[in-house]
Amino acid sequence: MTGPTNDDSVTVDLDGDVIVVHGDIDMAGGPVLEAAMLQQEEQDPDGDRPLVIDLGDVSFIDSSGLRSLLGAGRRARARGSEVVLRRVGSEVARLLDITGTTSQFVIESHRG
Amino acid sequence: MAEAALQSAEPGVAPNGPVQLCVPPEPSMSRVARLAASGLASLAGCTVDEIEDIKIAVSEVLIALIEHGEGGRIDLEFDLARPGTVAGPHGAAFVVRGRSPVTSFALDHPDLLLCRTVLEGVCTSAEIGTVEGHAQIVAVVAMAEPN
């Protein structure tokens with residue numbers, strides 16, 4: 001793990017090319033995730049690699065956190081790529097379902 | 001409405017009246033408010049799923065008032081309503097109210113519409129509007145009938 005970024009509610013690590021999120025993706029945590037995603041996108045100037053985000057340790061997400069993920073999805077599609085969500089928990093799945101945004105992402109796996 | 005909602009769902013366990021928080025319009029307050037609301041909801045006997053809905057409702061209320069308000073302090077109120085009251089006409093409910101002073105409130109902003117969509121997904125009713133110079137949101141999460 002490298003490049004940890006801390007906030008009161010969320011921690012974001014990099015595990016290789018995978019962004020690993022721990023904690024709450026809310027108004028305070030969303031910008032932290034957003035910064036990590038932008039940083040990761042900059043590491044891929046060709047934009048051909050999917051942005052993989054591990055959400056297995058996410059305990060809470062609200063619409064502000066979802067907006068960060070949706071923004072990354074829009075940017076990924078604009079460069080012909082996609083956002084892959086790994087270990088999606090029930091909290092994230094429910095919000096995606098409520099907002100009808102599940103199809104904006106590739107759901108690689110659900111949290112066991 | 002306030003008078004009706006003052007009736008506690010479980011007298012002796014839950015507080016006999018609303019719990020009020022006044023918070024600065026800062027993102028970090030979202031977690032603080034969720035912790036307070038979830039503690040109260042747990043005390044009142046809410047299920048885990050209900051508590052999760054309440055936490056989302058509180059967070060969305062704060063998103064709306066912080067991101068779309070004008071930087072004024074935010075008054076939050078958590079309340080438990082008995083079946084048959086104005087706040088809980090169809091059953092017991094956990095009521096989240098948020099208010100913040102504004103001169104205008106962009107009700108049709110896309111981000112606020114996303115907030116509304118989430119609120120409508122987790123609440124039995126959610127009202128977003130302006131009242132007497134304040135943006136006001138009232139979100140009601142239904143509770144299972146106490147045993």
# chains A, B, ... in the order shown; residues from 1 in each chain; ligands from 1
call {"tool": "interface_residues", "arguments": {"of": "chain A", "to": "chain B", "cutoff": "10 Å", "atoms": "only C-alpha atoms", "output": "CSV table (one decimal) with N, CA, C and O atoms, in the first residue's frame"}}
result
chain,number,residue,atom,x,y,z
A,7,ASP,N,-8.5,11.4,6.3
A,7,ASP,CA,-9.6,12.3,6.6
A,7,ASP,C,-10.3,11.8,7.8
A,7,ASP,O,-10.1,10.7,8.2
A,8,ASP,N,-11.1,12.6,8.5
A,8,ASP,CA,-11.9,12.1,9.6
A,8,ASP,C,-12.7,10.9,9.3
A,8,ASP,O,-12.9,10.0,10.1
A,9,SER,N,-13.3,10.8,8.1
A,9,SER,CA,-14.2,9.8,7.8
A,9,SER,C,-13.8,8.7,6.8
A,9,SER,O,-14.4,7.7,6.8
A,24,ASP,N,-16.2,6.1,5.4
A,24,ASP,CA,-17.4,6.7,5.0
A,24,ASP,C,-17.2,7.6,3.8
A,24,ASP,O,-16.3,8.5,3.8
A,26,ASP,N,-18.7,10.3,2.3
A,26,ASP,CA,-19.7,11.3,2.5
A,26,ASP,C,-19.2,12.7,2.1
A,26,ASP,O,-18.3,12.8,1.3
A,27,MET,N,-19.8,13.8,2.6
A,27,MET,CA,-19.4,15.1,2.1
A,27,MET,C,-17.9,15.4,2.4
A,27,MET,O,-17.3,16.1,1.7
A,28,ALA,N,-17.5,14.8,3.6
A,28,ALA,CA,-16.1,15.0,3.9
A,28,ALA,C,-15.2,14.0,3.2
A,28,ALA,O,-14.1,14.3,2.7
A,29,GLY,N,-15.6,12.8,3.0
A,29,GLY,CA,-14.8,11.7,2.4
A,29,GLY,C,-14.8,11.8,0.9
A,29,GLY,O,-13.8,11.3,0.2
A,30,GLY,N,-15.9,12.2,0.3
A,30,GLY,CA,-16.0,12.3,-1.2
A,30,GLY,C,-14.9,13.0,-1.8
A,30,GLY,O,-14.2,12.5,-2.8
A,60,PHE,N,-20.3,3.4,4.7
A,60,PHE,CA,-21.4,4.4,4.4
A,60,PHE,C,-21.1,5.1,3.2
A,60,PHE,O,-20.0,5.5,2.9
A,61,ILE,N,-22.2,5.4,2.4
A,61,ILE,CA,-22.0,6.3,1.3
A,61,ILE,C,-23.3,7.1,1.1
A,61,ILE,O,-24.4,6.5,1.4
A,62,ASP,N,-23.2,8.3,0.7
A,62,ASP,CA,-24.4,9.1,0.5
A,62,ASP,C,-24.3,9.7,-1.0
A,62,ASP,O,-23.4,9.4,-1.7
A,63,SER,N,-25.2,10.6,-1.3
A,63,SER,CA,-25.2,11.1,-2.7
A,63,SER,C,-24.0,11.9,-3.0
A,63,SER,O,-23.6,12.0,-4.2
A,64,SER,N,-23.4,12.6,-2.0
A,64,SER,CA,-22.2,13.3,-2.3
A,64,SER,C,-21.0,12.4,-2.7
A,64,SER,O,-20.2,12.7,-3.6
A,66,LEU,N,-21.5,9.4,-3.9
A,66,LEU,CA,-21.9,8.8,-5.2
A,66,LEU,C,-21.6,9.7,-6.4
A,66,LEU,O,-21.1,9.3,-7.4
A,67,ARG,N,-21.7,11.0,-6.1
A,67,ARG,CA,-21.4,12.0,-7.2
A,67,ARG,C,-19.9,11.9,-7.6
A,67,ARG,O,-19.6,12.0,-8.8
A,91,GLU,N,-24.4,-1.3,1.3
A,91,GLU,CA,-24.6,0.1,1.4
A,91,GLU,C,-24.5,0.8,0.0
A,91,GLU,O,-25.3,1.6,-0.4
A,94,ARG,N,-27.1,-0.5,-2.5
A,94,ARG,CA,-28.5,0.0,-2.3
A,94,ARG,C,-28.6,1.5,-2.9
A,94,ARG,O,-29.6,1.8,-3.5
A,95,LEU,N,-27.5,2.3,-2.7
A,95,LEU,CA,-27.6,3.6,-3.2
A,95,LEU,C,-27.6,3.6,-4.7
A,95,LEU,O,-28.3,4.4,-5.4
A,96,LEU,N,-26.8,2.7,-5.3
A,96,LEU,CA,-26.8,2.6,-6.8
A,96,LEU,C,-28.1,2.3,-7.3
A,96,LEU,O,-28.6,2.8,-8.3
A,97,ASP,N,-28.8,1.4,-6.5
A,97,ASP,CA,-30.1,0.9,-6.9
A,97,ASP,C,-31.2,2.0,-6.8
A,97,ASP,O,-31.9,2.3,-7.7
A,98,ILE,N,-31.1,2.7,-5.7
A,98,ILE,CA,-32.1,3.8,-5.5
A,98,ILE,C,-32.0,4.9,-6.5
A,98,ILE,O,-33.0,5.4,-7.0
A,99,THR,N,-30.8,5.2,-6.9
A,99,THR,CA,-30.5,6.3,-7.9
A,99,THR,C,-30.5,5.8,-9.3
A,99,THR,O,-30.4,6.6,-10.2
A,100,GLY,N,-30.6,4.5,-9.5
A,100,GLY,CA,-30.7,3.9,-10.9
A,100,GLY,C,-29.3,4.1,-11.6
A,100,GLY,O,-29.3,4.3,-12.8
call {"tool": "residues_around", "arguments": {"residues": "Cys46 (chain B)", "least_positions_apart": "6", "cutoff": "9 Å", "atoms": "only C-alpha atoms", "output": "NGL selection string"}}
result
:B and (38 or 40 or 94 or 143-144 or 146)
call {"tool": "closest_residue", "arguments": {"among": "B:Val61, B:Glu77, B:Ser104, B:Leu43", "to": "Cys123 (chain B)", "atoms": "only C-alpha atoms"}}
result
B:Val61
call {"tool": "residues_around", "arguments": {"residues": "Thr130 (chain B)", "least_positions_apart": "5", "cutoff": "9 Å", "atoms": "only C-alpha atoms", "output": "PDB file with N, CA and C atoms, in the first residue's frame"}}
result
ATOM      1  N   ARG B  99     -33.030  22.814   9.085  1.00  0.00           N
ATOM      2  CA  ARG B  99     -33.350  24.175   8.645  1.00  0.00           C
ATOM      3  C   ARG B  99     -32.082  25.012   8.624  1.00  0.00           C
ATOM      4  N   VAL B 102     -31.808  31.087   4.476  1.00  0.00           N
ATOM      5  CA  VAL B 102     -31.413  31.355   3.089  1.00  0.00           C
ATOM      6  C   VAL B 102     -32.252  32.507   2.542  1.00  0.00           C
ATOM      7  N   SER B 104     -32.459  32.399  -0.966  1.00  0.00           N
ATOM      8  CA  SER B 104     -33.027  31.615  -2.072  1.00  0.00           C
ATOM      9  C   SER B 104     -32.475  30.198  -1.965  1.00  0.00           C
ATOM     10  N   PHE B 105     -33.165  29.262  -2.610  1.00  0.00           N
ATOM     11  CA  PHE B 105     -32.785  27.853  -2.499  1.00  0.00           C
ATOM     12  C   PHE B 105     -33.121  27.200  -3.833  1.00  0.00           C
ATOM     13  N   ALA B 135     -34.316  27.407   4.300  1.00  0.00           N
ATOM     14  CA  ALA B 135     -34.452  26.135   3.591  1.00  0.00           C
ATOM     15  C   ALA B 135     -34.834  25.112   4.647  1.00  0.00           C
ATOM     16  N   GLN B 136     -35.795  24.285   4.321  1.00  0.00           N
ATOM     17  CA  GLN B 136     -36.253  23.306   5.326  1.00  0.00           C
ATOM     18  C   GLN B 136     -36.471  21.949   4.669  1.00  0.00           C
ATOM     19  N   ILE B 137     -35.996  20.931   5.347  1.00  0.00           N
ATOM     20  CA  ILE B 137     -36.183  19.567   4.864  1.00  0.00           C
ATOM     21  C   ILE B 137     -36.744  18.732   6.007  1.00  0.00           C
TER      22      ILE B 137
END
call {"tool": "select_by_dssp", "arguments": {"residues": "chain A", "states": "helix (DSSP H, G or I)", "output": "NGL selection string"}}
result
:A and (29-42 or 63-78 or 90-99 or 102-104)
call {"tool": "residues_around", "arguments": {"residues": "region 140-142 of chain B", "least_positions_apart": "4", "cutoff": "7 Å", "atoms": "only C-alpha atoms", "output": "short mmCIF file (atom, residue, chain, number, x, y, z; two decimals) with N, CA, C and O atoms, in the first residue's frame"}}
result
data_model
loop_
_atom_site.label_atom_id
_atom_site.label_comp_id
_atom_site.auth_asym_id
_atom_site.auth_seq_id
_atom_site.Cartn_x
_atom_site.Cartn_y
_atom_site.Cartn_z
N ILE B 54 -31.96 5.94 8.38
CA ILE B 54 -31.92 7.21 9.12
C ILE B 54 -30.59 7.91 8.90
O ILE B 54 -30.53 9.13 8.69
N GLY B 91 -47.84 4.88 10.98
CA GLY B 91 -47.09 4.03 11.89
C GLY B 91 -46.02 4.84 12.59
O GLY B 91 -45.87 6.04 12.35
N ALA B 92 -45.28 4.19 13.49
CA ALA B 92 -44.20 4.89 14.18
C ALA B 92 -43.15 5.33 13.16
O ALA B 92 -42.95 4.67 12.14
N ALA B 93 -42.51 6.43 13.45
CA ALA B 93 -41.56 6.98 12.49
C ALA B 93 -40.46 7.75 13.20
O ALA B 93 -40.65 8.26 14.31
N PHE B 94 -39.33 7.81 12.55
CA PHE B 94 -38.22 8.66 13.00
C PHE B 94 -38.20 9.86 12.07
O PHE B 94 -38.12 9.71 10.85
N VAL B 95 -38.27 11.03 12.65
CA VAL B 95 -38.38 12.25 11.85
C VAL B 95 -37.09 13.05 11.94
O VAL B 95 -36.58 13.29 13.03
N VAL B 96 -36.57 13.42 10.79
CA VAL B 96 -35.37 14.27 10.71
C VAL B 96 -35.80 15.60 10.10
O VAL B 96 -36.35 15.63 9.00
N VAL B 122 -35.23 6.19 0.73
CA VAL B 122 -35.07 5.65 2.09
C VAL B 122 -36.16 6.13 3.06
O VAL B 122 -36.24 5.61 4.17
N CYS B 123 -36.94 7.11 2.65
CA CYS B 123 -37.94 7.70 3.55
C CYS B 123 -39.35 7.38 3.08
O CYS B 123 -39.58 7.17 1.89
N THR B 124 -40.29 7.39 4.02
CA THR B 124 -41.69 7.28 3.64
C THR B 124 -42.20 8.61 3.10
O THR B 124 -43.12 8.64 2.30
N SER B 125 -41.61 9.70 3.58
CA SER B 125 -41.91 10.99 2.97
C SER B 125 -40.70 11.91 3.15
O SER B 125 -39.95 11.78 4.12
N ALA B 126 -40.53 12.79 2.20
CA ALA B 126 -39.42 13.75 2.26
C ALA B 126 -39.88 15.04 1.59
O ALA B 126 -40.30 15.02 0.45
#
call {"tool": "atom_distance", "arguments": {"atom1": "CA of Val23 (chain B)", "atom2": "CA of Leu33 (chain A)"}}
result
24.4 Å
call {"tool": "decode", "arguments": {"residues": "region 5-62 of chain A", "atoms": "C-alpha atoms", "output": "compact mmCIF listing (two decimals), in the first residue's frame"}}
result
# COMPACT_ATOMS: atom_id res chain seq x y z
CA THR A 5 -4.60 10.01 2.38
CA ASN A 6 -6.43 10.56 5.63
CA ASP A 7 -9.56 12.34 6.62
CA ASP A 8 -11.88 12.13 9.61
CA SER A 9 -14.24 9.80 7.83
CA VAL A 10 -12.34 8.06 5.05
CA THR A 11 -8.93 6.66 4.17
CA VAL A 12 -7.81 5.97 0.63
CA ASP A 13 -4.86 3.71 -0.22
CA LEU A 14 -3.37 2.50 -3.45
CA ASP A 15 -2.81 -1.23 -3.82
CA GLY A 16 -0.99 -1.39 -7.11
CA ASP A 17 -3.40 0.25 -9.54
CA VAL A 18 -6.40 -0.33 -7.31
CA ILE A 19 -7.86 2.47 -5.19
CA VAL A 20 -8.86 0.97 -1.84
CA VAL A 21 -11.36 2.98 0.18
CA HIS A 22 -11.95 2.56 3.92
CA GLY A 23 -14.67 4.31 5.91
CA ASP A 24 -17.45 6.70 4.96
CA ILE A 25 -17.78 8.28 1.51
CA ASP A 26 -19.75 11.32 2.54
CA MET A 27 -19.41 15.08 2.14
CA ALA A 28 -16.06 14.98 3.91
CA GLY A 29 -14.81 11.73 2.40
CA GLY A 30 -16.01 12.27 -1.16
CA PRO A 31 -13.39 14.92 -2.00
CA VAL A 32 -10.65 12.65 -0.62
CA LEU A 33 -11.76 9.85 -2.92
CA GLU A 34 -12.13 12.32 -5.78
CA ALA A 35 -8.53 13.49 -5.35
CA ALA A 36 -7.27 9.91 -5.29
CA MET A 37 -9.21 9.04 -8.44
CA LEU A 38 -7.91 12.10 -10.29
CA GLN A 39 -4.38 11.26 -9.23
CA GLN A 40 -4.78 7.72 -10.47
CA GLU A 41 -6.24 8.93 -13.77
CA GLU A 42 -3.19 11.14 -14.26
CA GLN A 43 -0.99 8.04 -13.95
CA ASP A 44 -2.68 6.68 -17.07
CA PRO A 45 -2.25 9.35 -19.75
CA ASP A 46 -3.48 7.00 -22.49
CA GLY A 47 -6.62 6.41 -20.45
CA ASP A 48 -6.99 2.87 -21.64
CA ARG A 49 -6.84 1.19 -18.24
CA PRO A 50 -10.05 0.88 -16.23
CA LEU A 51 -10.15 2.70 -12.92
CA VAL A 52 -10.58 0.00 -10.27
CA ILE A 53 -11.99 0.98 -6.89
CA ASP A 54 -12.19 -1.48 -4.00
CA LEU A 55 -15.18 -0.58 -1.83
CA GLY A 56 -15.06 -3.60 0.47
CA ASP A 57 -14.27 -1.51 3.54
CA VAL A 58 -16.78 1.24 2.85
CA SER A 59 -19.26 1.47 5.70
CA PHE A 60 -21.38 4.36 4.44
CA ILE A 61 -22.04 6.28 1.26
CA ASP A 62 -24.40 9.13 0.46
